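Remarks on the structure that follows.
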Amino acid sequence: MNAATGRSHDEVWVELLDSHRPPHSEGDWATPSMLMLLQAAVADPLLSSLYPWKGMNTLSVCTSDSWRDFGTEGFPGIAAGPGAYSVIVAEH
């Protein structure tokens, strides 16, 4: 449980998954692509033990549920696209 937000990582994963479930709008490639990525990530024991965060159709993870901490730990992001996924690593 995160002391700052009061949410567990499991709760955050459920919220994120639920927000991407069908029905999807016609022509919406982003939501179904992200849903497949989220389903794969939550099935992974390491990734699902962290807090997920999504922005610009990119999934990132962090040990904290505070948006201020995302990007400071060096975890790569995974961008979801139509039929392709890209790993994004920031240089520090």
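Chain labels follow the order of the structure tokens: the first chain is A, the next B, and so on; residue numbering restarts at 1 in every chain, and ligands are counted from 1 in their shown order.
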
Neighbours of stretch 17-28 of chain A within 12 Å (only C-alpha atoms; same-chain residues fewer than 3 positions away dropped), as a PDB file with C-alpha atoms, in the first residue's frame?
ATOM      1  CA  ASP A  10      -2.922  -4.403  -7.489  1.00  0.00           C
ATOM      2  CA  GLU A  11      -5.655  -1.745  -7.267  1.00  0.00           C
ATOM      3  CA  VAL A  12      -3.853   0.476  -9.746  1.00  0.00           C
ATOM      4  CA  TRP A  13      -3.418  -2.409 -12.226  1.00  0.00           C
ATOM      5  CA  VAL A  14      -7.137  -3.252 -11.981  1.00  0.00           C
ATOM      6  CA  THR A  31      -6.873   1.187 -26.637  1.00  0.00           C
ATOM      7  CA  PRO A  32      -6.852  -2.458 -27.842  1.00  0.00           C
ATOM      8  CA  SER A  33      -3.058  -2.339 -28.328  1.00  0.00           C
ATOM      9  CA  MET A  34      -2.565  -0.994 -24.815  1.00  0.00           C
ATOM     10  CA  LEU A  35      -4.991  -3.572 -23.369  1.00  0.00           C
ATOM     11  CA  MET A  36      -2.889  -6.417 -24.822  1.00  0.00           C
ATOM     12  CA  LEU A  37       0.260  -4.839 -23.388  1.00  0.00           C
ATOM     13  CA  LEU A  38      -1.367  -4.358 -19.974  1.00  0.00           C
ATOM     14  CA  GLN A  39      -2.601  -7.963 -19.902  1.00  0.00           C
ATOM     15  CA  ALA A  40       0.902  -9.255 -20.678  1.00  0.00           C
ATOM     16  CA  ALA A  41       2.483  -6.939 -18.101  1.00  0.00           C
ATOM     17  CA  VAL A  42       0.098  -7.843 -15.286  1.00  0.00           C
ATOM     18  CA  ALA A  43       0.796 -11.549 -15.952  1.00  0.00           C
ATOM     19  CA  SER A  48       2.807  -6.623 -11.658  1.00  0.00           C
ATOM     20  CA  PRO A  52       1.872   1.032 -13.484  1.00  0.00           C
ATOM     21  CA  TRP A  53       1.554   4.405 -15.126  1.00  0.00           C
ATOM     22  CA  LYS A  54       0.388   5.179 -18.646  1.00  0.00           C
ATOM     23  CA  ASN A  57       0.198   5.168 -25.042  1.00  0.00           C
ATOM     24  CA  LEU A  59       3.351   1.877 -20.097  1.00  0.00           C
ATOM     25  CA  GLY A  81       1.249   0.647 -31.367  1.00  0.00           C
ATOM     26  CA  PRO A  82      -0.816  -1.141 -33.986  1.00  0.00           C
TER      27      PRO A  82
END

Coordinates-based distance that separates atom CA of A:Phe75 from atom CA of A:Gly6 (Å, one decimal): 22.7 Å

All helix (DSSP H, G or I) residues (DSSP, backbone) inside chain A, as a PyMOL selection string: chain A and resi 9-18+30-43+45-48+67-69

Which of stretch 18-58 of chain A DSSP labels strand (DSSP E or B), written as a PyMOL selection string: chain A and resi 51-55+58

Distance in Å - atom CA of A:Ser86 versus atom CA of A:Thr58: 8.9 Å

Atomic separation - atom CA of A:Leu50 relative to atom CA of A:Ser64, Å: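 Those two atoms sit 7.6 Å apart.
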
Residue neighbourhood A:Tyr51, 6 Å, only C-alpha atoms, exclusion window fewer than 2 positions, as a VMD selection string: chain A and resid 9 61 to 63 65
